[in-house]
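Peer 1: Contents of start_12.tsv (TSV, C-alpha atoms and all ligand atoms) are below:
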```tsv
chain	number	residue	atom	x	y	z
J	139	MET	CA	2.37	4.87	-4.74
J	140	PRO	CA	-1.31	4.03	-5.26
J	141	LEU	CA	-3.57	7.07	-5.39
J	142	LEU	CA	-6.01	5.87	-2.75
J	143	SER	CA	-5.17	5.63	0.94
J	144	PRO	CA	-5.22	2.09	2.34
J	145	ALA	CA	-8.37	2.95	4.32
J	146	ARG	CA	-10.16	4.11	1.15
J	147	LEU	CA	-8.97	0.96	-0.63
J	148	ALA	CA	-10.34	-1.28	2.12
J	149	ILE	CA	-13.62	0.62	2.36
J	150	SER	CA	-14.32	0.57	-1.37
J	151	LEU	CA	-13.37	-3.09	-1.59
J	152	PHE	CA	-15.76	-3.80	1.28
J	153	GLU	CA	-18.60	-1.82	-0.30
J	154	ASN	CA	-18.12	-3.27	-3.77
J	155	HIS	CA	-18.11	-6.88	-2.66
J	156	PHE	CA	-20.32	-6.94	0.41
J	157	GLY	CA	-22.74	-4.24	-0.75
J	158	SER	CA	-22.81	-2.38	2.58
J	159	ARG	CA	-20.73	0.04	4.66
J	160	PRO	CA	-18.12	-1.34	7.07
J	161	ALA	CA	-18.74	-0.64	10.75
J	162	ALA	CA	-15.10	0.01	11.67
J	163	VAL	CA	-11.75	0.46	9.95
J	164	ALA	CA	-8.24	0.35	11.40
J	165	SER	CA	-4.83	0.63	9.77
J	166	ALA	CA	-1.24	-0.14	10.74
J	167	PRO	CA	2.08	0.73	9.05
J	168	GLY	CA	4.81	-1.30	7.41
J	169	ARG	CA	8.33	-0.73	8.69
J	170	VAL	CA	11.99	-0.71	7.92
J	171	ASN	CA	14.49	-1.65	10.56
J	172	LEU	CA	17.35	0.89	10.51
J	173	ILE	CA	19.64	-1.54	12.32
J	174	GLY	CA	19.45	-4.37	14.86
J	175	GLU	CA	18.73	-7.31	12.57
J	176	HIS	CA	17.97	-10.74	14.02
J	177	MET	CA	18.17	-9.20	17.46
J	178	ASP	CA	14.57	-9.57	18.57
J	179	TYR	CA	14.79	-13.32	19.19
J	180	ASN	CA	18.29	-12.96	20.66
J	181	GLY	CA	17.59	-10.40	23.37
J	182	GLY	CA	19.22	-7.42	21.65
J	183	PRO	CA	18.00	-3.93	20.66
J	184	VAL	CA	16.23	-3.09	17.39
J	185	LEU	CA	15.66	0.31	15.75
J	186	PRO	CA	12.64	0.15	13.43
J	187	VAL	CA	10.81	3.05	11.73
J	188	ALA	CA	7.15	2.96	10.65
J	189	LEU	CA	6.46	3.75	6.99
J	190	GLN	CA	3.75	5.87	5.42
J	191	ARG	CA	2.59	2.83	3.48
J	192	ARG	CA	0.01	0.94	5.51
J	193	THR	CA	-2.50	-1.88	5.57
J	194	ALA	CA	-6.13	-1.15	6.44
J	195	VAL	CA	-8.79	-3.60	7.57
J	196	ALA	CA	-12.50	-2.75	7.18
J	197	VAL	CA	-14.95	-4.87	9.16
J	198	ALA	CA	-18.65	-5.32	9.92
J	199	PRO	CA	-20.35	-7.86	12.19
J	200	ALA	CA	-21.77	-11.03	10.59
J	201	ASP	CA	-22.78	-14.48	11.74
J	202	ARG	CA	-19.87	-16.18	9.97
J	203	TRP	CA	-16.40	-15.23	8.71
J	204	GLU	CA	-15.82	-13.81	5.24
J	205	PHE	CA	-12.40	-12.46	4.21
J	206	LEU	CA	-11.44	-10.41	1.19
J	207	SER	CA	-8.15	-8.82	0.10
J	208	GLY	CA	-7.39	-6.51	-2.79
J	209	GLU	CA	-3.94	-8.12	-3.04
J	210	GLU	CA	-5.38	-11.61	-3.43
J	211	GLY	CA	-7.69	-11.19	-6.39
J	212	GLY	CA	-10.66	-9.72	-4.53
J	213	VAL	CA	-12.33	-13.10	-3.97
J	214	ILE	CA	-14.53	-13.60	-0.90
J	215	GLU	CA	-13.14	-16.46	1.20
J	216	ARG	CA	-15.55	-18.14	3.64
J	217	VAL	CA	-13.44	-19.41	6.49
J	218	ASP	CA	-14.02	-21.45	9.64
J	219	PRO	CA	-11.46	-20.31	12.26
J	220	ALA	CA	-11.75	-23.71	13.97
J	221	ALA	CA	-10.67	-25.58	10.80
J	222	PRO	CA	-6.98	-26.37	10.13
J	223	MET	CA	-4.84	-23.61	8.62
J	224	ARG	CA	-4.84	-23.57	4.81
J	225	ARG	CA	-1.33	-22.19	4.13
J	226	ALA	CA	-3.02	-19.19	2.53
J	227	TRP	CA	-3.10	-15.46	3.28
J	228	THR	CA	-6.34	-16.00	5.21
J	229	ASP	CA	-4.32	-17.91	7.87
J	230	TYR	CA	-3.11	-14.57	9.24
J	231	LEU	CA	-6.68	-13.41	9.83
J	232	VAL	CA	-7.75	-16.77	11.24
J	233	ALA	CA	-4.77	-16.56	13.59
J	234	VAL	CA	-5.86	-13.11	14.80
J	235	VAL	CA	-9.44	-14.27	15.31
J	236	ARG	CA	-8.26	-17.21	17.43
J	237	GLU	CA	-5.95	-15.09	19.55
J	238	LEU	CA	-8.57	-12.37	20.00
J	239	ALA	CA	-11.08	-15.01	21.08
J	240	ALA	CA	-8.60	-16.16	23.73
J	241	VAL	CA	-8.75	-12.67	25.32
J	242	GLU	CA	-12.48	-12.25	24.71
J	243	GLY	CA	-11.82	-9.62	22.09
J	244	SER	CA	-13.35	-11.25	19.04
J	245	PRO	CA	-16.82	-10.79	17.55
J	246	ARG	CA	-18.73	-14.00	16.69
J	247	GLY	CA	-18.25	-13.45	13.00
J	248	ALA	CA	-17.38	-10.63	10.62
J	249	ARG	CA	-16.97	-9.53	7.07
J	250	VAL	CA	-13.40	-8.35	6.60
J	251	ALA	CA	-11.83	-6.45	3.67
J	252	VAL	CA	-8.10	-5.73	3.50
J	253	GLY	CA	-6.56	-2.89	1.50
J	254	THR	CA	-2.85	-2.10	1.46
J	255	THR	CA	-0.27	0.19	-0.10
J	256	LEU	CA	2.55	-2.10	1.05
J	257	THR	CA	4.25	-4.65	-1.16
J	258	VAL	CA	3.62	-8.08	0.33
J	259	GLY	CA	6.76	-10.19	0.83
J	260	ALA	CA	9.18	-7.25	0.46
J	261	GLY	CA	10.53	-7.51	4.00
J	262	LEU	CA	8.54	-4.45	5.08
J	263	SER	CA	6.47	-6.29	7.65
J	264	SER	CA	3.25	-6.51	5.68
J	265	SER	CA	2.19	-9.42	7.90
J	266	ALA	CA	2.46	-7.46	11.17
J	267	ALA	CA	0.68	-4.49	9.55
J	268	LEU	CA	-2.14	-6.89	8.67
J	269	THR	CA	-2.35	-8.68	12.02
J	270	VAL	CA	-2.11	-5.50	14.13
J	271	ALA	CA	-4.70	-3.66	12.01
J	272	ALA	CA	-7.01	-6.69	12.03
J	273	ALA	CA	-6.68	-7.09	15.80
J	274	LYS	CA	-7.58	-3.43	16.26
J	275	ALA	CA	-10.54	-3.45	13.84
J	276	LEU	CA	-12.06	-6.73	15.06
J	277	SER	CA	-11.66	-5.86	18.74
J	278	LEU	CA	-13.54	-2.62	18.03
J	279	LEU	CA	-16.44	-4.75	16.75
J	280	ALA	CA	-16.31	-6.77	19.96
J	281	ARG	CA	-16.37	-3.51	21.95
J	282	ARG	CA	-13.10	-4.44	23.59
J	283	ARG	CA	-10.48	-1.68	23.88
J	284	LEU	CA	-7.07	-3.28	23.60
J	285	THR	CA	-3.99	-1.27	24.55
J	286	PRO	CA	-1.11	-1.11	22.06
J	287	ALA	CA	0.74	-3.65	24.23
J	288	GLU	CA	-2.24	-6.02	24.10
J	289	LEU	CA	-2.46	-5.60	20.31
J	290	VAL	CA	1.23	-6.56	20.09
J	291	ASP	CA	0.59	-9.70	22.15
J	292	VAL	CA	-2.37	-10.79	20.05
J	293	ALA	CA	-0.59	-10.11	16.74
J	294	PHE	CA	2.66	-11.74	17.89
J	295	ARG	CA	0.96	-14.91	19.11
J	296	ALA	CA	-1.08	-15.01	15.90
J	297	GLU	CA	2.03	-15.03	13.72
J	298	HIS	CA	4.33	-16.99	16.02
J	299	ASP	CA	2.04	-19.58	17.62
J	300	GLN	CA	-0.72	-19.91	15.03
J	301	VAL	CA	0.95	-19.32	11.65
J	302	GLY	CA	4.26	-20.74	12.89
J	303	VAL	CA	6.76	-18.07	11.83
J	304	ARG	CA	9.38	-18.01	14.58
J	305	CYS	CA	9.63	-14.23	14.50
J	306	GLY	CA	10.46	-11.95	17.40
J	307	ARG	CA	8.31	-9.00	18.49
J	308	MET	CA	9.91	-6.18	16.53
J	309	ASP	CA	7.36	-5.91	13.72
J	310	GLN	CA	4.23	-5.98	15.86
J	311	THR	CA	5.82	-3.57	18.35
J	312	ILE	CA	6.63	-0.88	15.79
J	313	ALA	CA	3.24	-1.35	14.06
J	314	ALA	CA	1.48	-0.68	17.38
J	315	HIS	CA	3.78	1.84	19.10
J	316	ALA	CA	5.22	4.01	16.29
J	317	ARG	CA	5.10	7.79	16.60
J	318	PRO	CA	5.52	10.14	13.61
J	319	GLY	CA	8.99	11.64	13.21
J	320	THR	CA	10.71	8.99	15.31
J	321	ALA	CA	12.53	5.68	15.17
J	322	LEU	CA	11.74	3.27	17.99
J	323	LEU	CA	14.58	1.86	20.07
J	324	PHE	CA	13.12	-1.37	21.42
J	325	ASP	CA	15.22	-3.33	23.88
J	326	THR	CA	13.87	-6.82	23.32
J	327	ALA	CA	15.52	-8.15	26.51
J	328	THR	CA	13.67	-5.75	28.83
J	329	GLY	CA	10.79	-4.55	26.63
J	330	ALA	CA	11.88	-0.89	27.12
J	331	LEU	CA	10.75	1.51	24.37
J	332	THR	CA	12.52	4.79	23.55
J	333	TRP	CA	11.42	7.07	20.70
J	334	LEU	CA	14.36	8.80	18.98
J	335	PRO	CA	14.00	11.73	16.56
J	336	LEU	CA	14.15	10.91	12.84
J	337	ARG	CA	13.03	13.77	10.61
J	338	ALA	CA	14.94	12.74	7.48
J	339	ARG	CA	13.25	11.02	4.57
J	340	ILE	CA	14.28	7.41	4.27
J	341	TRP	CA	14.42	5.53	0.97
J	342	ILE	CA	13.37	2.02	0.15
J	343	VAL	CA	14.88	0.16	-2.80
J	344	ASP	CA	13.03	-3.10	-3.40
J	345	THR	CA	15.18	-5.99	-4.65
J	346	GLY	CA	12.03	-7.43	-6.24
J	347	ILE	CA	12.91	-10.79	-4.70
J	348	SER	CA	10.01	-11.87	-2.58
J	349	HIS	CA	10.50	-13.99	0.49
J	350	ARG	CA	8.08	-16.32	2.18
J	351	LEU	CA	8.93	-16.69	5.82
J	352	THR	CA	6.74	-19.56	6.87
J	353	GLY	CA	8.97	-22.49	7.78
J	354	GLY	CA	11.93	-20.97	5.98
J	355	GLU	CA	15.37	-19.56	6.69
J	356	LEU	CA	14.25	-17.37	9.59
J	357	ASN	CA	13.11	-20.43	11.54
J	358	ARG	CA	16.44	-22.10	10.76
J	359	ARG	CA	18.44	-19.10	12.02
J	360	ARG	CA	16.36	-18.96	15.14
J	361	ALA	CA	17.14	-22.62	15.84
J	362	GLU	CA	20.86	-21.98	15.22
J	363	SER	CA	20.82	-19.05	17.65
J	364	GLY	CA	19.18	-21.22	20.28
J	365	GLU	CA	21.77	-23.92	19.79
J	366	ALA	CA	24.66	-21.44	20.04
J	367	LEU	CA	23.18	-20.04	23.25
J	368	ALA	CA	22.76	-23.51	24.75
J	369	ARG	CA	26.39	-24.37	24.02
J	370	LEU	CA	27.71	-21.08	25.41
J	371	ARG	CA	25.66	-21.49	28.57
J	372	GLU	CA	27.65	-24.61	29.36
J	373	ARG	CA	30.56	-22.23	29.81
J	374	TRP	CA	28.62	-19.18	31.06
J	375	PRO	CA	25.44	-20.42	32.80
J	376	ALA	CA	24.29	-16.85	33.60
J	377	LEU	CA	24.08	-15.89	29.89
J	378	ARG	CA	20.37	-15.35	29.23
J	379	HIS	CA	20.45	-14.09	25.65
J	380	LEU	CA	22.97	-14.54	22.86
J	381	ALA	CA	23.09	-10.77	22.25
J	382	GLN	CA	24.25	-10.22	25.83
J	383	LEU	CA	27.56	-11.99	25.39
J	384	ASP	CA	30.38	-9.54	26.17
J	385	PRO	CA	32.15	-8.76	22.85
J	386	ASP	CA	35.48	-9.12	24.71
J	387	LEU	CA	34.61	-12.80	25.24
J	388	LEU	CA	34.19	-13.52	21.51
J	389	ASP	CA	37.77	-14.75	21.24
J	390	ILE	CA	37.04	-17.42	23.83
J	391	ALA	CA	33.45	-18.10	22.78
J	392	LEU	CA	33.77	-18.59	19.03
J	393	PRO	CA	36.21	-21.55	19.13
J	394	LEU	CA	33.68	-23.35	21.36
J	395	LEU	CA	31.18	-23.38	18.48
J	396	PRO	CA	31.06	-25.13	15.09
J	397	PRO	CA	31.86	-22.59	12.32
J	398	PRO	CA	28.32	-21.68	11.18
J	399	LEU	CA	27.18	-21.13	14.77
J	400	ALA	CA	30.32	-19.10	15.46
J	401	ARG	CA	29.50	-16.81	12.52
J	402	ARG	CA	25.87	-16.38	13.62
J	403	THR	CA	27.05	-15.54	17.14
J	404	ARG	CA	29.59	-13.00	15.90
J	405	HIS	CA	26.82	-11.23	13.95
J	406	VAL	CA	24.48	-11.18	16.93
J	407	VAL	CA	27.07	-9.82	19.38
J	408	THR	CA	28.57	-7.20	17.06
J	409	GLU	CA	25.10	-6.12	15.83
J	410	ARG	CA	24.06	-5.44	19.41
J	411	VAL	CA	27.04	-3.11	19.83
J	412	ARG	CA	26.36	-1.40	16.48
J	413	THR	CA	22.70	-0.87	17.29
J	414	GLU	CA	23.47	0.73	20.63
J	415	ALA	CA	25.97	3.03	18.90
J	416	ALA	CA	23.43	3.87	16.16
J	417	ALA	CA	20.82	4.80	18.78
J	418	ARG	CA	23.26	7.19	20.45
J	419	ALA	CA	24.17	8.70	17.08
J	420	LEU	CA	20.51	9.13	16.13
J	421	GLN	CA	19.84	10.90	19.40
J	422	ARG	CA	22.55	13.39	18.41
J	423	GLY	CA	21.20	13.68	14.87
J	424	ALA	CA	24.46	12.23	13.46
J	425	LEU	CA	22.89	10.45	10.49
J	426	ASP	CA	26.27	9.99	8.81
J	427	GLU	CA	27.36	7.85	11.77
J	428	VAL	CA	24.11	5.89	11.69
J	429	GLY	CA	24.74	5.27	7.99
J	430	GLY	CA	28.26	3.98	8.58
J	431	LEU	CA	26.97	1.52	11.17
J	432	MET	CA	24.24	0.37	8.76
J	433	VAL	CA	26.86	-0.50	6.16
J	434	GLU	CA	28.88	-2.47	8.73
J	435	GLY	CA	25.67	-4.22	9.75
J	436	HIS	CA	24.92	-5.20	6.16
J	437	GLU	CA	28.42	-6.61	5.78
J	438	SER	CA	27.91	-8.68	8.92
J	439	LEU	CA	24.60	-10.01	7.54
J	440	ARG	CA	26.36	-10.88	4.29
J	441	THR	CA	29.35	-12.71	5.72
J	442	ASP	CA	28.22	-13.96	9.14
J	443	TYR	CA	24.45	-14.29	9.17
J	444	GLU	CA	24.36	-15.20	5.47
J	445	SER	CA	20.96	-13.63	5.00
J	446	THR	CA	21.63	-11.17	2.18
J	447	ILE	CA	21.25	-11.68	-1.57
J	448	PRO	CA	23.38	-10.33	-4.45
J	449	GLU	CA	20.68	-7.83	-5.46
J	450	ALA	CA	20.80	-6.23	-2.00
J	451	ASP	CA	24.61	-6.30	-1.85
J	452	LEU	CA	24.73	-4.37	-5.13
J	453	ILE	CA	22.19	-1.77	-3.97
J	454	VAL	CA	24.12	-1.14	-0.73
J	455	ALA	CA	27.51	-0.87	-2.44
J	456	SER	CA	26.16	1.34	-5.21
J	457	ALA	CA	24.23	3.69	-2.89
J	458	VAL	CA	27.28	4.19	-0.68
J	459	ARG	CA	29.61	4.73	-3.62
J	460	HIS	CA	27.32	7.48	-4.93
J	461	GLY	CA	27.17	9.35	-1.64
J	462	ALA	CA	24.58	7.77	0.68
J	463	TRP	CA	25.32	7.94	4.41
J	464	GLY	CA	24.42	4.28	4.58
J	465	ALA	CA	22.23	1.46	3.33
J	466	ARG	CA	21.31	-1.99	4.55
J	467	LEU	CA	19.09	-4.93	3.72
J	468	THR	CA	16.19	-4.59	6.14
J	469	GLY	CA	13.98	-7.25	7.72
J	470	ALA	CA	14.58	-10.98	7.78
J	471	GLY	CA	16.53	-11.10	4.50
J	472	TRP	CA	16.76	-13.68	1.69
J	473	GLY	CA	14.95	-11.12	-0.45
J	474	GLY	CA	13.10	-7.95	0.44
J	475	ALA	CA	14.18	-4.32	0.42
J	476	VAL	CA	17.19	-2.13	1.17
J	477	VAL	CA	16.79	0.97	3.35
J	478	VAL	CA	18.91	3.93	2.26
J	479	LEU	CA	19.82	7.04	4.26
J	480	ALA	CA	21.30	9.85	2.17
J	481	PRO	CA	21.90	13.58	2.56
J	482	PRO	CA	19.01	15.49	0.90
J	483	GLU	CA	21.22	17.16	-1.69
J	484	ARG	CA	22.63	13.81	-2.84
J	485	GLN	CA	19.44	11.71	-2.76
J	486	ALA	CA	18.44	12.13	-6.41
J	487	ARG	CA	21.87	11.14	-7.66
J	488	VAL	CA	22.27	8.24	-5.25
J	489	LEU	CA	18.92	6.74	-6.23
J	490	ALA	CA	19.31	7.30	-9.97
J	491	GLU	CA	22.81	5.82	-10.09
J	492	THR	CA	21.85	2.88	-7.89
J	493	ALA	CA	18.86	2.07	-10.08
J	494	ARG	CA	21.04	2.35	-13.17
J	495	GLU	CA	23.68	-0.02	-11.84
J	496	PHE	CA	21.01	-2.44	-10.68
J	497	ARG	CA	19.46	-2.45	-14.17
J	498	GLU	CA	22.85	-3.03	-15.79
J	499	ARG	CA	23.47	-6.08	-13.62
J	500	PHE	CA	19.99	-7.58	-13.24
J	501	GLY	CA	18.19	-6.32	-16.35
J	502	ARG	CA	15.27	-4.63	-14.61
J	503	VAL	CA	14.56	-1.37	-12.79
J	504	PRO	CA	14.03	-1.71	-9.02
J	505	GLU	CA	11.10	0.00	-7.33
J	506	VAL	CA	12.34	2.99	-5.30
J	507	TRP	CA	10.25	5.12	-2.95
J	508	GLY	CA	10.62	7.46	-0.01
J	509	SER	CA	8.88	7.75	3.32
J	510	ARG	CA	8.91	9.84	6.45
J	511	ALA	CA	8.76	8.13	9.83
J	512	ALA	CA	5.03	7.56	10.36
J	513	GLY	CA	2.67	6.72	13.22
J	514	GLY	CA	1.39	3.36	14.46
J	515	VAL	CA	-1.97	1.57	14.48
J	516	ARG	CA	-5.04	3.80	14.43
J	517	ARG	CA	-8.76	3.77	13.94
J	518	GLU	CA	-9.78	5.27	10.60
J	519	ARG	CA	-12.89	7.20	9.80
J	520	VAL	CA	-15.44	5.20	7.82
J	601	LIG	C1	11.44	-10.75	10.56
J	601	LIG	C2	10.76	-11.07	11.88
J	601	LIG	C3	11.23	-10.09	12.95
J	601	LIG	C4	12.75	-10.07	13.03
J	601	LIG	C5	13.37	-9.85	11.65
J	601	LIG	C6	14.86	-9.96	11.66
J	601	LIG	O1	11.04	-9.50	10.10
J	601	LIG	O2	9.37	-10.96	11.74
J	601	LIG	O3	10.67	-10.45	14.19
J	601	LIG	O4	13.22	-11.27	13.60
J	601	LIG	O5	12.85	-10.79	10.72
J	601	LIG	O6	15.43	-8.91	12.37
```
Once you've parsed the file, please lay out its structure as structure tokens.
Ligand code: GLA
Peer 2:
Amino acid sequence: MPLLSPARLAISLFENHFGSRPAAVASAPGRVNLIGEHMDYNGGPVLPVALQRRTAVAVAPADRWEFLSGEEGGVIERVDPAAPMRRAWTDYLVAVVRELAAVEGSPRGARVAVGTTLTVGAGLSSSAALTVAAAKALSLLARRRLTPAELVDVAFRAEHDQVGVRCGRMDQTIAAHARPGTALLFDTATGALTWLPLRARIWIVDTGISHRLTGGELNRRRAESGEALARLRERWPALRHLAQLDPDLLDIALPLLPPPLARRTRHVVTERVRTEAAARALQRGALDEVGGLMVEGHESLRTDYESTIPEADLIVASAVRHGAWGARLTGAGWGGAVVVLAPPERQARVLAETAREFRERFGRVPEVWGSRAAGGVRRERV
């Protein structure tokens, strides 16, 4: 863990490169999703938890746009938000500026410095942490108070409509609405939010395999889900979301679909059931049950959604064998990090043995760190 907080990182970056103090700073957290993967574009529930690692955005008004990130070599990028996207990290900020402008929440120009303690591309929602924090900080400059729900809308449209990642709303929602000591049950069909107690420390084991979402596998899975839904609606016209298919109908539904779509559908329907069960277990504090459901969920991602990678499969199997309650590849997949839940007295052993087995197989030591459930977007003191 870096020694400086993300806010301090962003502020010192700003001061060093722009030679003045920022006028406002906001930060937003990364997340793990405990369970409910690939639900948020299929109308199912998700159960994310905000992490203590965050991204902070320091801003001051200017007459043009200048962006700077500690993760991207600390070079000042002069950007015109009206120009075409560049397929660079700055696209995320341009996207936020455009969407803020659409709700009259953007200043005319700004200097922007980004500091983060999150690993970018590790499936921990570094992009939503950036877009939500940037939306908050820039709207402060424009003297426009956006509610958490409005911040979610701006950040979601930035990533989905502007950058073109066909994500759902899970990442922006947890970044904006998280409360310390809780996981957030978010029903993506109705928008209902329920905060469930989570006091335990959660562990993150990074596979070290980075994923780039833009135009990649996530978009493909989203298209497959849409196609499966369209085909099933020929039989059940009232079906609004794939996740709402009654599990008892799977025996009839799956033969109607070509094999890959049948597998995707089976994941989506069974994951909805698992996530609802995990939420009930979490409410009762039954973390062992949550863990068992996480392992089943990972297996479903491996065989049916085909979004896991061997590094993650090994971490899950190893953690469970050495006494974890559960573990699961979190986020979109095809790289990223595994979230591990383990009883406090077994954590040290679980993590040490998992890292050892990972090193034996892949020849390197994975990054492992712990976090409590943290809070959502906030203004930081300058
Ligand atoms: C990515 C997307 C989310 C969600 C997950 C899969 O993180 O940004 O909206 O779809 O993948 O659960």
Peer 1: Could you jot down the CA of Arg358 (chain J) to CA of Gly181 (chain J) separation for me, Å, one decimal place?
Peer 2: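 According to the coordinates, CA of Arg358 (chain J) and CA of Gly181 (chain J) are separated by 17.2 Å.
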Peer 1: Write out as a ChimeraX atom specification each polymer residue (protein, DNA or RNA) that has an atom no more than 7 Å from ligand LIG 601 (chain J), with all atoms listed in the file counted.
Peer 2: /J:174-179,261,263,305-309,356,469-470
Peer 1: Between J:Gly464, J:Pro199, J:Gly329, J:Gly302, single out the one closest to Ala280 (chain J), counting only C-alpha atoms.
Peer 2: J:Pro199
Peer 1: Pick from J:Arg246, J:Arg159, J:Arg146, J:Arg459: nearest to Gly208 (chain J), with all atoms listed in the file counted?
Peer 2: J:Arg146
Peer 1: For Arg202 (chain J), which of J:Glu215, J:Gly513, J:Arg236, J:Gly247 is the closest residue, counting all atoms listed in the file?
Peer 2: J:Gly247
Peer 1: J:Ser158, J:Thr345, J:Ser265, J:Thr408: which is nearest Arg502 (chain J), counting only C-alpha atoms?
Peer 2: J:Thr345
Peer 1: Take every atom of region 193-210 of chain J listed in the file, pad by 5 Å on each side, and give me the axis-aligned box centre and edge lengths in Å, one decimal, as JSON.
Peer 2:
```
{"center_x": -12.6, "center_y": -8.7, "center_z": 4.4, "size_x": 30.3, "size_y": 25.0, "size_z": 25.6}
```
Peer 1: Neighbours of Ala391 (chain J) within 9 Å (all atoms listed in the file; same-chain residues fewer than 6 positions away dropped), as number ranges by chain?
Peer 2: J: 370, 373, 383, 400, 403
Peer 1: Which residue, J:Leu392, J:Leu268, J:Leu279, J:Ala145, has the smallest gap to Ala198 (chain J) when you use all atoms listed in the file?
Peer 2: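 Of J:Leu392, J:Leu268, J:Leu279, J:Ala145, the one nearest Ala198 (chain J) is J:Leu279, counting all atoms listed in the file.
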Peer 1: For Ala287 (chain J), which residue out of J:Leu331, J:Leu489, J:Val187, J:Ala338 is the nearest one, using only C-alpha atoms?
Peer 2: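 Of J:Leu331, J:Leu489, J:Val187, J:Ala338, the one nearest Ala287 (chain J) is J:Leu331, counting only C-alpha atoms.
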